[in-house]
Each structure stands twice: as structure tokens, then as C-alpha cells.
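Enquirer: This one is structure14.txt, compact mmCIF, C-alpha atoms.
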```txt
# COMPACT_ATOMS: atom_id res chain seq x y z
CA MET C 1 -20.00 -11.02 -60.57
CA GLY C 2 -23.27 -9.14 -61.05
CA ARG C 3 -25.39 -7.72 -58.25
CA ARG C 4 -27.67 -10.20 -56.50
CA SER C 5 -31.25 -9.48 -57.57
CA LYS C 6 -33.18 -11.08 -54.69
CA THR C 7 -33.75 -10.07 -51.10
CA ARG C 8 -31.62 -12.21 -48.79
CA GLN C 9 -32.53 -12.99 -45.18
CA LEU C 10 -30.99 -14.39 -42.01
CA ASN C 11 -32.91 -15.08 -38.82
CA ILE C 12 -31.65 -13.90 -35.43
CA TRP C 13 -32.21 -16.24 -32.49
CA MET C 14 -31.56 -15.95 -28.76
CA ASN C 15 -31.47 -19.13 -26.66
CA GLY C 16 -33.88 -20.87 -29.00
CA VAL C 17 -36.32 -17.96 -29.40
CA LEU C 18 -36.68 -16.11 -32.71
CA VAL C 19 -35.80 -12.44 -32.14
CA GLY C 20 -36.09 -11.00 -35.63
CA ASN C 21 -34.64 -11.06 -39.11
CA TRP C 22 -31.82 -9.31 -40.92
CA THR C 23 -32.31 -8.76 -44.63
CA ILE C 24 -30.44 -7.28 -47.54
CA THR C 25 -32.84 -5.89 -50.10
CA ALA C 26 -32.47 -6.31 -53.85
CA GLN C 27 -30.94 -2.82 -53.79
CA GLY C 28 -28.28 -3.95 -51.26
CA LYS C 29 -29.76 -2.11 -48.25
CA HIS C 30 -29.53 -3.65 -44.76
CA GLU C 31 -32.72 -3.95 -42.68
CA PHE C 32 -33.49 -5.45 -39.27
CA ARG C 33 -36.96 -6.03 -37.84
CA TYR C 34 -38.07 -7.61 -34.58
CA ASP C 35 -40.38 -10.61 -34.64
CA GLU C 36 -43.90 -9.93 -33.33
CA ASN C 37 -43.71 -12.86 -30.90
CA TRP C 38 -40.40 -11.63 -29.51
CA LEU C 39 -41.95 -8.27 -28.63
CA ALA C 40 -44.50 -10.10 -26.47
CA HIS C 41 -42.03 -12.58 -24.95
CA GLU C 42 -41.39 -12.42 -21.19
CA LEU C 43 -37.63 -12.19 -21.79
CA SER C 44 -37.96 -9.63 -24.57
CA ARG C 45 -35.16 -7.08 -24.90
CA PRO C 46 -33.55 -5.12 -27.74
CA VAL C 47 -30.47 -6.63 -29.38
CA SER C 48 -28.91 -3.17 -29.04
CA LEU C 49 -29.46 0.16 -27.32
CA SER C 50 -29.11 1.57 -30.84
CA MET C 51 -32.16 -0.45 -31.97
CA PRO C 52 -34.87 -0.28 -29.27
CA LEU C 53 -37.81 -2.67 -29.49
CA GLN C 54 -40.36 -1.55 -32.05
CA SER C 55 -43.01 -2.96 -34.37
CA PRO C 56 -41.80 -5.14 -37.26
CA ASP C 57 -43.75 -2.74 -39.47
CA VAL C 58 -41.00 -0.21 -38.74
CA PRO C 59 -37.67 -1.91 -39.54
CA TYR C 60 -34.28 -0.41 -38.79
CA LYS C 61 -32.45 0.42 -42.00
CA GLY C 62 -29.03 1.24 -43.38
CA GLU C 63 -25.75 1.85 -41.61
CA ILE C 64 -27.11 1.37 -38.08
CA VAL C 65 -27.94 -2.26 -38.99
CA GLU C 66 -24.83 -3.00 -41.03
CA SER C 67 -22.53 -1.51 -38.37
CA TRP C 68 -24.11 -3.55 -35.59
CA PHE C 69 -23.60 -6.85 -37.39
CA ASP C 70 -20.19 -5.78 -38.73
CA ASN C 71 -19.04 -5.37 -35.13
CA LEU C 72 -19.67 -9.08 -34.50
CA LEU C 73 -16.84 -9.97 -36.88
CA PRO C 74 -13.05 -9.81 -36.41
CA ASP C 75 -11.75 -6.29 -37.11
CA SER C 76 -8.83 -7.40 -39.26
CA ASP C 77 -9.41 -7.69 -43.01
CA ALA C 78 -6.66 -10.33 -43.15
CA ILE C 79 -8.45 -12.47 -40.56
CA ARG C 80 -11.74 -12.05 -42.44
CA LYS C 81 -10.06 -13.18 -45.66
CA ARG C 82 -8.68 -16.26 -43.89
CA ILE C 83 -12.17 -17.08 -42.58
CA GLN C 84 -13.56 -16.67 -46.09
CA ALA C 85 -10.94 -19.05 -47.51
CA ARG C 86 -11.24 -21.55 -44.65
CA PHE C 87 -14.97 -22.03 -45.12
CA GLY C 88 -15.23 -21.34 -48.83
CA ILE C 89 -17.51 -18.33 -48.33
CA ALA C 90 -18.66 -16.48 -51.46
CA SER C 91 -17.35 -13.08 -50.33
CA SER C 92 -15.96 -11.32 -47.27
CA SER C 93 -19.07 -9.15 -46.90
CA VAL C 94 -20.60 -8.89 -43.43
CA PHE C 95 -23.74 -10.75 -44.52
CA ASP C 96 -21.92 -13.59 -46.30
CA LEU C 97 -19.46 -14.15 -43.47
CA LEU C 98 -22.10 -14.20 -40.73
CA SER C 99 -24.35 -16.46 -42.79
CA GLU C 100 -21.60 -19.08 -42.37
CA ILE C 101 -19.99 -18.32 -39.00
CA GLY C 102 -22.79 -16.59 -37.08
CA ARG C 103 -23.94 -19.57 -35.03
CA ASP C 104 -21.65 -18.57 -32.12
CA CYS C 105 -21.12 -14.81 -31.81
CA ALA C 106 -20.35 -12.46 -28.95
CA GLY C 107 -23.39 -12.22 -26.71
CA ALA C 108 -26.59 -14.20 -27.16
CA ILE C 109 -27.04 -13.84 -30.92
CA HIS C 110 -27.37 -17.02 -32.99
CA ILE C 111 -27.61 -16.35 -36.74
CA LEU C 112 -29.21 -18.94 -39.05
CA PRO C 113 -30.76 -19.13 -42.54
CA PRO C 114 -34.59 -18.90 -42.67
CA ASP C 115 -34.95 -22.64 -43.28
CA GLN C 116 -33.02 -23.61 -40.12
CA LYS C 117 -33.80 -23.53 -36.40
CA PRO C 118 -31.45 -23.97 -33.43
CA GLU C 119 -31.23 -27.67 -32.61
CA ASN C 120 -31.10 -29.23 -29.14
CA ILE C 121 -30.92 -25.93 -27.27
CA HIS C 122 -31.43 -27.52 -23.85
CA SER C 123 -28.57 -29.98 -24.05
CA ILE C 124 -24.77 -29.85 -24.22
CA GLU C 125 -23.36 -31.39 -27.37
CA GLY C 126 -19.88 -31.53 -28.79
CA ARG C 127 -16.95 -33.69 -29.80
CA SER C 128 -14.10 -34.04 -27.32
CA LEU C 129 -10.60 -33.12 -28.47
CA SER C 130 -7.18 -34.49 -27.61
CA GLU C 131 -4.30 -32.14 -26.82
CA SER C 132 -2.86 -32.88 -30.26
CA GLU C 133 -6.15 -32.01 -31.98
CA ILE C 134 -6.37 -28.71 -30.09
CA ALA C 135 -2.77 -27.87 -30.99
CA ASN C 136 -3.45 -28.60 -34.66
CA ARG C 137 -6.52 -26.38 -34.61
CA LEU C 138 -4.53 -23.58 -32.99
CA ARG C 139 -1.86 -23.86 -35.68
CA ALA C 140 -4.57 -23.73 -38.34
CA VAL C 141 -6.02 -20.47 -36.98
CA VAL C 142 -3.24 -18.38 -38.53
CA THR C 143 -3.10 -20.19 -41.88
CA SER C 144 -5.43 -20.31 -44.86
CA PRO C 145 -6.29 -23.79 -46.17
CA ALA C 146 -4.75 -25.16 -49.33
CA LEU C 147 -7.05 -24.94 -52.34
CA GLY C 148 -9.80 -27.51 -52.04
CA HIS C 149 -8.86 -28.55 -48.49
CA ARG C 150 -11.46 -27.55 -45.91
CA ASN C 151 -12.19 -29.29 -42.63
CA GLU C 152 -15.96 -29.82 -42.55
CA ASP C 153 -15.70 -30.58 -38.82
CA GLU C 154 -14.28 -27.14 -38.10
CA PHE C 155 -16.25 -25.03 -35.64
CA ARG C 156 -17.71 -21.89 -37.20
CA ILE C 157 -17.46 -18.97 -34.82
CA SER C 158 -17.37 -15.19 -35.08
CA ILE C 159 -15.29 -13.37 -32.46
CA ALA C 160 -14.67 -9.64 -32.78
CA GLY C 161 -11.20 -8.17 -32.32
CA ALA C 162 -7.90 -7.80 -34.15
CA GLN C 163 -6.16 -10.74 -32.47
CA GLU C 164 -5.97 -14.31 -33.77
CA LYS C 165 -8.25 -16.48 -31.66
CA THR C 166 -10.64 -19.40 -31.64
CA ALA C 167 -13.02 -20.92 -29.10
CA PHE C 168 -13.95 -24.24 -27.53
CA LEU C 169 -16.48 -25.74 -25.14
CA LEU C 170 -15.33 -26.96 -21.72
CA HIS C 171 -17.55 -29.84 -20.58
CA LYS C 172 -16.86 -32.31 -17.78
CA GLY C 173 -13.24 -31.22 -17.62
CA LYS C 174 -12.53 -31.79 -21.32
CA TRP C 175 -12.32 -29.47 -24.31
CA HIS C 176 -14.86 -29.98 -27.09
CA ILE C 177 -15.91 -28.60 -30.45
CA PRO C 178 -19.51 -27.50 -29.78
CA ALA C 179 -22.24 -29.05 -31.92
CA ASN C 180 -25.71 -27.89 -32.97
CA ALA C 181 -26.91 -25.02 -30.72
CA THR C 182 -24.33 -25.56 -27.97
CA PRO C 183 -22.10 -22.46 -27.72
CA SER C 184 -18.41 -22.18 -26.91
CA THR C 185 -17.49 -21.33 -23.31
CA HIS C 186 -13.85 -20.21 -23.62
CA ILE C 187 -11.87 -18.10 -26.07
CA PHE C 188 -8.32 -19.17 -26.95
CA LYS C 189 -6.11 -16.19 -27.79
CA LEU C 190 -2.81 -16.65 -29.61
CA PRO C 191 0.33 -14.48 -29.31
CA LEU C 192 0.28 -11.38 -31.49
CA GLY C 193 3.85 -11.79 -32.76
CA ARG C 194 5.40 -8.77 -34.46
CA VAL C 195 3.03 -5.88 -35.11
CA GLY C 196 2.96 -2.49 -36.79
CA ALA C 197 5.36 -0.77 -39.15
CA ALA C 198 8.06 -0.91 -36.47
CA GLN C 199 7.61 -4.70 -36.16
CA MET C 200 7.30 -4.45 -32.37
CA ASP C 201 7.73 -7.81 -30.68
CA LEU C 202 4.46 -8.77 -28.98
CA SER C 203 5.16 -12.50 -28.98
CA ALA C 204 4.50 -12.39 -25.22
CA SER C 205 1.14 -10.62 -25.67
CA ILE C 206 -0.79 -13.39 -23.95
CA GLU C 207 1.40 -13.17 -20.81
CA ASN C 208 1.08 -9.39 -21.02
CA GLU C 209 -2.72 -9.53 -21.19
CA TRP C 210 -2.95 -12.08 -18.39
CA LEU C 211 -0.82 -9.84 -16.16
CA CYS C 212 -2.81 -6.69 -16.97
CA LEU C 213 -6.08 -8.44 -16.14
CA GLN C 214 -4.57 -9.66 -12.85
CA ILE C 215 -3.57 -6.09 -12.04
CA LEU C 216 -7.03 -4.69 -12.78
CA GLU C 217 -8.55 -7.39 -10.60
CA ALA C 218 -6.12 -6.58 -7.77
CA PHE C 219 -7.32 -2.97 -8.00
CA GLY C 220 -10.85 -4.26 -7.30
CA LEU C 221 -12.25 -4.33 -10.84
CA GLU C 222 -14.07 -7.33 -12.27
CA THR C 223 -12.29 -8.82 -15.27
CA ALA C 224 -12.71 -11.74 -17.64
CA LYS C 225 -11.25 -14.85 -15.96
CA SER C 226 -8.16 -16.02 -17.81
CA GLU C 227 -5.46 -18.69 -17.62
CA LEU C 228 -2.19 -19.25 -19.47
CA MET C 229 -2.13 -22.71 -21.03
CA LYS C 230 -0.05 -24.73 -23.48
CA PHE C 231 -1.11 -27.42 -25.95
CA GLU C 232 2.01 -29.08 -27.30
CA ASP C 233 4.02 -26.11 -28.63
CA GLN C 234 1.02 -23.75 -28.79
CA ARG C 235 0.87 -21.10 -26.04
CA VAL C 236 -2.55 -19.54 -25.49
CA LEU C 237 -4.47 -17.32 -23.13
CA VAL C 238 -7.69 -19.14 -22.31
CA VAL C 239 -10.42 -16.63 -21.43
CA GLU C 240 -13.67 -17.72 -19.82
CA ARG C 241 -16.61 -16.18 -21.66
CA PHE C 242 -18.71 -13.97 -19.39
CA ASP C 243 -21.49 -14.02 -22.00
CA ARG C 244 -22.15 -17.71 -21.21
CA MET C 245 -23.84 -19.12 -18.11
CA LEU C 246 -24.58 -22.72 -17.18
CA ALA C 247 -28.31 -23.25 -16.60
CA GLU C 248 -29.46 -24.07 -13.06
CA ASN C 249 -30.02 -27.71 -14.03
CA SER C 250 -26.47 -27.82 -15.51
CA LYS C 251 -27.87 -29.34 -18.72
CA TRP C 252 -27.35 -26.46 -21.16
CA TRP C 253 -25.44 -23.23 -21.67
CA ILE C 254 -27.36 -19.94 -21.70
CA ARG C 255 -26.11 -17.20 -24.01
CA ILE C 256 -26.10 -13.76 -22.37
CA LEU C 257 -26.82 -10.70 -24.50
CA GLN C 258 -24.05 -8.11 -24.60
CA GLU C 259 -22.84 -5.43 -26.99
CA ASP C 260 -19.80 -3.19 -27.19
CA PHE C 261 -19.78 0.60 -27.37
CA CYS C 262 -19.31 0.64 -31.12
CA GLN C 263 -22.57 -1.28 -31.42
CA ILE C 264 -24.29 0.92 -28.84
CA THR C 265 -23.38 4.06 -30.78
CA ALA C 266 -23.85 2.57 -34.29
CA THR C 267 -20.16 3.11 -35.00
CA PRO C 268 -18.50 0.97 -37.71
CA PRO C 269 -15.56 -1.08 -36.37
CA GLY C 270 -13.17 0.86 -38.59
CA HIS C 271 -13.97 3.96 -36.49
CA LYS C 272 -13.49 2.32 -33.07
CA TYR C 273 -10.79 4.81 -32.02
CA GLU C 274 -12.00 8.18 -30.80
CA ALA C 275 -9.57 10.00 -33.10
CA ASP C 276 -11.25 8.21 -36.03
CA GLY C 277 -14.75 9.22 -34.94
CA GLY C 278 -15.49 6.58 -32.32
CA PRO C 279 -17.00 7.20 -28.88
CA GLY C 280 -14.76 8.48 -26.11
CA MET C 281 -14.96 8.73 -22.34
CA GLU C 282 -17.58 11.47 -22.35
CA THR C 283 -19.97 9.43 -24.51
CA ILE C 284 -19.46 6.24 -22.51
CA MET C 285 -19.82 7.96 -19.13
CA SER C 286 -23.02 9.60 -20.40
CA THR C 287 -24.40 6.26 -21.63
CA LEU C 288 -23.63 4.64 -18.27
CA MET C 289 -25.91 7.21 -16.61
CA GLY C 290 -28.68 4.86 -17.76
CA SER C 291 -27.15 1.73 -16.22
CA LEU C 292 -29.01 -0.18 -13.51
CA ASN C 293 -25.84 0.40 -11.45
CA ALA C 294 -25.08 3.87 -12.80
CA GLN C 295 -22.95 5.22 -9.96
CA GLU C 296 -20.96 2.01 -9.56
CA ASP C 297 -20.49 1.39 -13.30
CA ARG C 298 -19.40 4.96 -14.00
CA ARG C 299 -16.83 4.78 -11.21
CA LYS C 300 -15.55 1.39 -12.46
CA PHE C 301 -15.18 2.70 -15.99
CA PHE C 302 -13.36 5.87 -14.96
CA LYS C 303 -11.09 3.90 -12.64
CA ALA C 304 -10.30 1.47 -15.46
CA GLN C 305 -9.40 4.42 -17.70
CA ILE C 306 -6.87 5.80 -15.22
CA ILE C 307 -5.37 2.35 -14.59
CA SER C 308 -5.10 1.80 -18.35
CA TRP C 309 -3.09 5.02 -18.59
CA MET C 310 -0.95 3.87 -15.63
CA LEU C 311 -0.33 0.58 -17.48
CA CYS C 312 0.35 2.31 -20.81
CA ALA C 313 -2.51 0.16 -22.11
CA ILE C 314 -3.10 2.36 -25.12
CA ASP C 315 -5.54 0.20 -27.10
CA GLY C 316 -8.65 0.73 -24.97
CA HIS C 317 -10.99 1.66 -27.83
CA ALA C 318 -14.80 1.48 -27.83
CA LYS C 319 -14.95 -2.21 -28.76
CA ASN C 320 -13.07 -3.07 -25.57
CA PHE C 321 -15.92 -1.96 -23.31
CA SER C 322 -19.33 -3.62 -23.27
CA ILE C 323 -22.67 -3.87 -21.49
CA PHE C 324 -25.03 -6.71 -20.62
CA ILE C 325 -28.54 -6.06 -21.98
CA LYS C 326 -31.38 -7.21 -19.74
CA PRO C 327 -35.18 -7.39 -20.23
CA GLN C 328 -36.82 -4.16 -21.41
CA GLY C 329 -33.43 -2.77 -22.39
CA ARG C 330 -32.02 -2.30 -18.91
CA PHE C 331 -28.26 -2.73 -18.82
CA THR C 332 -25.07 -2.95 -16.75
CA LEU C 333 -21.34 -2.78 -17.50
CA THR C 334 -19.61 -6.09 -18.25
CA PRO C 335 -16.28 -7.16 -16.73
CA PHE C 336 -13.19 -5.64 -18.34
CA TYR C 337 -11.21 -7.49 -21.01
CA ASP C 338 -8.58 -7.11 -23.78
CA VAL C 339 -6.01 -5.05 -21.86
CA ILE C 340 -2.39 -5.08 -23.06
CA SER C 341 0.45 -2.83 -21.85
CA ALA C 342 2.90 -1.14 -24.21
CA TYR C 343 5.58 -0.88 -21.50
CA PRO C 344 7.49 -3.99 -22.71
CA VAL C 345 7.99 -2.41 -26.16
CA LEU C 346 8.46 1.20 -25.06
CA GLY C 347 11.79 2.80 -25.97
CA HIS C 348 13.83 4.48 -28.69
CA GLY C 349 15.55 1.40 -30.08
CA LYS C 350 14.78 -0.70 -33.13
CA ASN C 351 11.37 -2.40 -33.06
CA GLN C 352 10.25 -0.23 -30.15
CA LEU C 353 7.56 2.39 -29.62
CA ALA C 354 8.90 5.81 -28.68
CA PRO C 355 7.12 7.03 -25.51
CA GLU C 356 6.32 10.38 -27.13
CA LYS C 357 4.52 8.53 -29.95
CA ALA C 358 2.31 6.44 -27.67
CA LYS C 359 -1.30 7.61 -27.91
CA MET C 360 -4.30 6.58 -25.84
CA ALA C 361 -7.33 5.21 -27.70
CA MET C 362 -9.56 7.68 -25.84
CA ALA C 363 -8.61 11.28 -25.14
CA VAL C 364 -8.47 13.03 -21.81
CA ILE C 365 -10.30 16.32 -22.02
CA ALA C 366 -9.05 19.75 -20.96
CA LYS C 367 -9.33 22.85 -23.16
CA ASN C 368 -8.44 20.43 -25.94
CA ARG C 369 -8.47 16.66 -26.31
CA HIS C 370 -5.16 15.03 -25.43
CA TYR C 371 -4.13 11.56 -26.64
CA HIS C 372 -0.35 11.55 -26.04
CA TRP C 373 0.24 9.11 -23.20
CA ASP C 374 3.45 10.70 -21.90
CA LYS C 375 1.87 14.16 -21.62
CA ILE C 376 -1.10 13.13 -19.47
CA THR C 377 -1.04 14.23 -15.82
CA LYS C 378 -3.34 14.32 -12.81
CA ARG C 379 -4.91 17.62 -13.91
CA HIS C 380 -6.06 16.05 -17.17
CA TRP C 381 -7.99 13.40 -15.23
CA GLU C 382 -9.50 16.12 -13.05
CA SER C 383 -10.64 18.16 -16.06
CA THR C 384 -11.98 15.03 -17.79
CA ALA C 385 -13.96 14.21 -14.65
CA GLN C 386 -15.51 17.70 -14.82
CA VAL C 387 -16.68 17.10 -18.40
CA CYS C 388 -17.98 13.62 -17.51
CA ASP C 389 -20.02 14.86 -14.52
CA PHE C 390 -17.68 12.98 -12.19
CA LYS C 391 -15.99 15.93 -10.49
CA TYR C 392 -17.23 15.11 -6.98
CA GLU C 393 -15.65 11.65 -7.05
CA ILE C 394 -12.33 12.15 -8.81
CA ASP C 395 -10.29 13.23 -5.75
CA ALA C 396 -11.31 10.17 -3.74
CA LEU C 397 -10.67 7.88 -6.70
CA VAL C 398 -7.17 9.25 -7.32
CA GLU C 399 -6.34 8.94 -3.61
CA GLU C 400 -7.59 5.35 -3.68
CA LEU C 401 -5.37 4.50 -6.66
CA VAL C 402 -2.31 6.13 -5.07
CA ASN C 403 -2.86 4.07 -1.91
CA GLN C 404 -3.58 0.84 -3.76
CA THR C 405 -0.75 0.86 -6.30
CA PRO C 406 2.23 -0.17 -4.08
CA LYS C 407 0.16 -2.97 -2.54
CA VAL C 408 -1.05 -4.16 -5.93
CA ALA C 409 2.46 -4.19 -7.41
CA ASN C 410 3.82 -6.10 -4.41
CA GLU C 411 0.95 -8.60 -4.38
CA ILE C 412 1.18 -9.32 -8.12
CA SER C 413 4.97 -9.72 -8.10
CA LYS C 414 4.67 -12.35 -5.36
CA ARG C 415 2.20 -14.53 -7.24
CA LEU C 416 3.62 -14.53 -10.74
CA PRO C 417 3.79 -18.05 -12.21
CA GLU C 418 7.16 -19.79 -12.31
CA LYS C 419 9.14 -18.87 -15.45
CA PHE C 420 6.86 -15.89 -16.15
CA PRO C 421 8.82 -13.66 -18.57
CA ALA C 422 10.63 -10.90 -16.69
CA SER C 423 10.68 -8.96 -19.97
CA VAL C 424 6.92 -8.55 -19.45
CA SER C 425 6.46 -8.30 -15.68
CA GLU C 426 9.36 -5.97 -14.83
CA PRO C 427 8.56 -3.07 -17.21
CA ILE C 428 4.82 -3.31 -16.49
CA LEU C 429 5.11 -3.30 -12.69
CA LYS C 430 7.84 -0.65 -12.74
CA GLY C 431 5.84 1.48 -15.17
CA LEU C 432 2.70 1.14 -13.06
CA GLU C 433 4.46 2.51 -9.97
CA SER C 434 6.16 5.26 -11.96
CA ALA C 435 2.82 6.42 -13.38
CA CYS C 436 1.37 6.43 -9.89
CA ASP C 437 3.93 9.09 -8.92
CA LYS C 438 2.33 11.42 -11.50
CA LEU C 439 -0.97 11.26 -9.58
CA PHE C 440 0.45 13.02 -6.52
```
As a first step, turn the structure in this file into C-alpha cells.
Expert:
Amino acid sequence: MGRRSKTRQLNIWMNGVLVGNWTITAQGKHEFRYDENWLAHELSRPVSLSMPLQSPDVPYKGEIVESWFDNLLPDSDAIRKRIQARFGIASSSVFDLLSEIGRDCAGAIHILPPDQKPENIHSIEGRSLSESEIANRLRAVVTSPALGHRNEDEFRISIAGAQEKTAFLLHKGKWHIPANATPSTHIFKLPLGRVGAAQMDLSASIENEWLCLQILEAFGLETAKSELMKFEDQRVLVVERFDRMLAENSKWWIRILQEDFCQITATPPGHKYEADGGPGMETIMSTLMGSLNAQEDRRKFFKAQIISWMLCAIDGHAKNFSIFIKPQGRFTLTPFYDVISAYPVLGHGKNQLAPEKAKMAMAVIAKNRHYHWDKITKRHWESTAQVCDFKYEIDALVEELVNQTPKVANEISKRLPEKFPASVSEPILKGLESACDKLF
């Protein structure tokens, strides 16, 4: 196929208001410019800290634009290919994919062609689904359609991440496929199955994630609300979207602008890990200096980092931390999400992860940067706090965690659901308490 010769454009909307446009020039360059009316709007705000509000005469160009939109899509190339096949999209390029599935993205962004506008913003529209229909849609998430067979009724959504997932609207106690401008309200996450070269068994990943979020919440951190559910034979973790809010009149869903730290730092999703060039703790703690709740948000983030290490939650890369963007570019940290412990697969047997090979997504900082999970100790957190301008708070935070851990472990073990897999809960709770001993 030859190169497209014309400039292509998509419009970016936020709750029914035109924000700007994203174009690819005839030379294949990405550009984003804000709409003049958006700059004057009472709710005006940048779509990203990496692209502050500025005149449409001065568009943002190149990688900063492409990376921001790229981060709205699933990370996995295999998942992108399945989306391409499912909807018959011309290519798996960022622009082509979002031109088809960008109506319901993370945050407030609503992507449409220039000849379309969001319809019926101030109403809730959708088609209700039976349990069987939901189960069928969940089964279809992990399969590509047969040639020529596409479901035109299928909801087109873009959710970042490496995990198989889809989303639905909860309205009047029933699950729906959203229609027109109505967004989804809940994300449905499917089990990961076997992953990596070692074929580690993460078929209980949804129970694992639910438990980790419960633990973070018990430590006093705000997390995405989640619930384990089953539709016929399909087990899912249903996560309430914190980037959606029901309007005061209860007649429509407001989309809330958020972005992750790859988007904030104009980092492509392929570089989300610090070892691959992504932002680490120092960058994020520095960025949070500008938060409306700087002291509180910085403490929450650092606390979450230590708890993640205590949980052997080694996948806490830059896309797993986000901010809410408010008018004039003010911002605050979002609740925590996407936390999974490696304890259930840790070991030296077949299909296991050797403890000495477990690496954190973000390094602790001493004379050098240290990623190896099993080598991290209290002194590494103290030295990292020094680098992150957090040295006056680290002692109190560590003492707090040491005091909280036994209570948290006891509380969580008492309220586990019936038939919750012991293969998940026992190694995680035992590992949590064992890691706490290293903080003395």
C-alpha cells in the first residue's frame, strides 16, 4: 500500500465540547492543536501536562503527540491486532485504531471524525444485556473474528494496559452496551492465564489483583473499587471507573480527564518501565510537587511504592499511576489501580519466577539504581527518600507501615470471600508480613 497523500484529521471532544484536533500531515507527521473556543471555555484545561494550553497557531508536533495518543491504546501488539481484526480497521497504527475505537477512552477524551459530533451527551443510552450475552462478549474478547464475521453491535472502546479487558455501562442495576455519547462505567478484566517465557500460571490474576487492592485500601490508600464476579463460566474482576461521575441530576455520565505518567512525560508505552527509559520515582515525586495536594499525594505515592515492594507487586510502571487534570491545568493523584503480586508464582520450580530474578518496575536509588526485589532493604527506601526530597517523612512512614501491617494482614484474612483461592491469599499475606520484617 502506498503512502496516504492527504492530511487526515480527528476531532477531540470532552463532555460535548470540542477541545482540539489531531492531524497526520501528508508527510505522516502527528500534530495536535487546541480549538480557539476551548481556550476561552470556563472549563478549559490541557489534555496533558505535556501539552499546556496554547494558541492553535502553535500546534504540538511529532513524538509528543503520537506518544500521548498511543498511550490510550492497549500496550500489547497482539491485543491491538485482535482489535484491528474485530472491527476491520485498515491498519494497527495509532491513528487508524483510535479513529474506530476512540469514542470511549481513559479519561474524558472522545475521539470522532471531523464530520461527526457527540450525540445525546446529556442522557444515558445503551442496550441492556443478559448474563449469557455478557458471557459471550467476554469469551469474544480473547478471540479474533472469523473472516467476514464482525458484530456491528459491538462496543468500540480503547483501554490501555497489557491485560485482556472490556467495559460496560451499569444503569439502573443492569449491564448495558453504551450507545452514542454515553461512556462505559466499569471495566471487566479477564484472567491473565499463563504468561512469560516461563509460562507462569496467573489464571488467578483477578483474585490476586482484587486482594492487592483490598490490602492497599486497608493501609489507608484510595484504590479503584473492584468486585469479583462471574457470568456463566466467565470469571472477571469488575472495576468501577474513577474517570466517570454521574451528574448531579443523575441523567448523564460526566467523563473526568486523567492521564498516566507516560503521557505526562511524553514517554511511548513501549518505554513504560524505568529500565527502558520510562519515568521512575524521582520524576513522579518531582511532578507531584505541583499537585493541588502536593504533600498528601507525594506521601501516598511513596507509601504505595513501599507497599508494592512488600507485596512483590513488581509491575508498577509509569502507566499504572495517573493524575486527574482540573481547570487551568491543576492536578491531583488518582486512586491506585492495576496491582498484582508475584508471590503466588515465586519459587525455583517449573513455571515459577525465581526470587533473585524478580525486578521492580521502578528502581530504588542509592549510589546506584537497584531493581532486584530481593535485594531491597530499609536503607534503600531511606536513600530514595533523600533523592526524592522526602527525607523528613520517611522514618514516620516506615514506622506507620510496620505498625499497620499485622493489623492489615489479620483484617484482610478475616474478610476473604468464601472459596477464595488459598494459593493466592496465603503467599501474599505471608509475604507481606515477611517483607515488613525487613523494615525494622
Enquirer: Show me the residues close to (-38.8, -7.5, -21.7) - anything with an atom within 8 Å, counting all atoms listed in the file - and format the list as a compact mmCIF listing (two decimals) with C-alpha atoms, in the frame of the given file.
Expert:
```
# COMPACT_ATOMS: atom_id res chain seq x y z
CA LEU C 39 -41.95 -8.27 -28.63
CA ALA C 40 -44.50 -10.10 -26.47
CA HIS C 41 -42.03 -12.58 -24.95
CA GLU C 42 -41.39 -12.42 -21.19
CA LEU C 43 -37.63 -12.19 -21.79
CA SER C 44 -37.96 -9.63 -24.57
CA ARG C 45 -35.16 -7.08 -24.90
CA LYS C 326 -31.38 -7.21 -19.74
CA PRO C 327 -35.18 -7.39 -20.23
CA GLN C 328 -36.82 -4.16 -21.41
CA GLY C 329 -33.43 -2.77 -22.39
```
Enquirer: Please list as number ranges by chain every residue within 9 Å of Gly20 (chain C), counting all atoms listed in the file and excluding residues in the same chain fewer than 2 positions away.
Expert: C: 10-13, 18, 22, 32-36, 38, 56
Enquirer: Hey, what's within 7 Å of region 287-303 of chain C if we count only C-alpha atoms and toss same-chain stuff fewer than 3 positions away? As a VMD selection string, please?
Expert: chain C and resid 221 283 to 284 306 to 307 330 to 333
Enquirer: Interatomic distance between CA of Ile79 (chain C) and CA of Phe95 (chain C)?
Expert: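 Computed distance, CA of Ile79 (chain C) to CA of Phe95 (chain C), equals 15.9 Å.
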Enquirer: In Å, rounded to a single decimal, give me how far CA of Ser203 (chain C) is from CA of Ala361 (chain C).
Expert: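 So the two atoms, CA of Ala361 (chain C) and CA of Ser203 (chain C), lie 21.7 Å apart.
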Enquirer: Restricting the calculation to only C-alpha atoms: of C:Lys61, C:Arg139, C:Arg415, C:His176, which residue gets closest to Glu125 (chain C)?
Expert: C:His176
Enquirer: Got a sec: who's within 8 Å of Val141 (chain C), counting all atoms listed in the file, leaving out chain neighbours fewer than 4 positions off, as a short mmCIF file (atom, residue, chain, number, x, y, z; two decimals) with C-alpha atoms, in the frame of the given file?
Expert:
```
data_model
loop_
_atom_site.label_atom_id
_atom_site.label_comp_id
_atom_site.auth_asym_id
_atom_site.auth_seq_id
_atom_site.Cartn_x
_atom_site.Cartn_y
_atom_site.Cartn_z
CA ARG C 137 -6.52 -26.38 -34.61
CA GLU C 164 -5.97 -14.31 -33.77
CA LYS C 165 -8.25 -16.48 -31.66
CA THR C 166 -10.64 -19.40 -31.64
#
```
Enquirer: Could you pull out every residue with an atom within 6 Å of (2.4, -4.6, -20.6), file coordinates, counting all atoms listed in the file, and send them as a ChimeraX atom specification?
Expert: /C:208,340-344,428
Enquirer: Find the spatial neighbours of Cys436 (chain C), counting all atoms listed in the file, within a cut-off of 7 Å - ignore same-chain residues fewer than 6 positions away - and output them as a list in words.
Expert: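 Selected residues are Met310, Val402 and Thr405 of chain C.
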Enquirer: Fewer than 4 positions away in the same chain doesn't count, so skip those; otherwise give me all residues within 6 Å of Lys359 (chain C), counting only C-alpha atoms, as a list in words.
Expert: Tyr371, His372 and Trp373 of chain C
Enquirer: Pick from C:Val339, C:Leu170, C:Ala198, C:Val387: nearest to Ile215 (chain C), with only C-alpha atoms counted?
Expert: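 Ranked by minimum distance to Ile215 (chain C), first place goes to C:Val339.
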Enquirer: Determine the nearest neighbour of Ser132 (chain C) from the options C:Glu232, C:Asp389, C:Asp70, C:Glu227, counting all atoms listed in the file.
Expert: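 Closest residue, counting all atoms listed in the file: C:Glu232.
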Enquirer: Using all atoms listed in the file, find the one residue out of C:Ile412, C:Met200, C:Ile325, C:Ile206 that sits nearest to Ala218 (chain C).
Expert: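 Ranked by minimum distance to Ala218 (chain C), first place goes to C:Ile412.
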Enquirer: Go ahead and compute the interatomic distance for CA of Ile177 (chain C) and CA of Glu131 (chain C), in Å to one decimal.
Expert: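 So the answer is 12.7 Å.
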Enquirer: Could you check which of C:Thr384, C:Gln305, C:Asn136, C:Asn71 is closest to Met360 (chain C), using all atoms listed in the file?
Expert: C:Gln305
Enquirer: Using all atoms listed in the file, can you tell me which of C:Met281, C:Ile187, C:Leu192, C:Ile24 comes closest to Lys225 (chain C)?
Expert: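 Among the listed residues, the smallest separation from Lys225 (chain C) belongs to C:Ile187.
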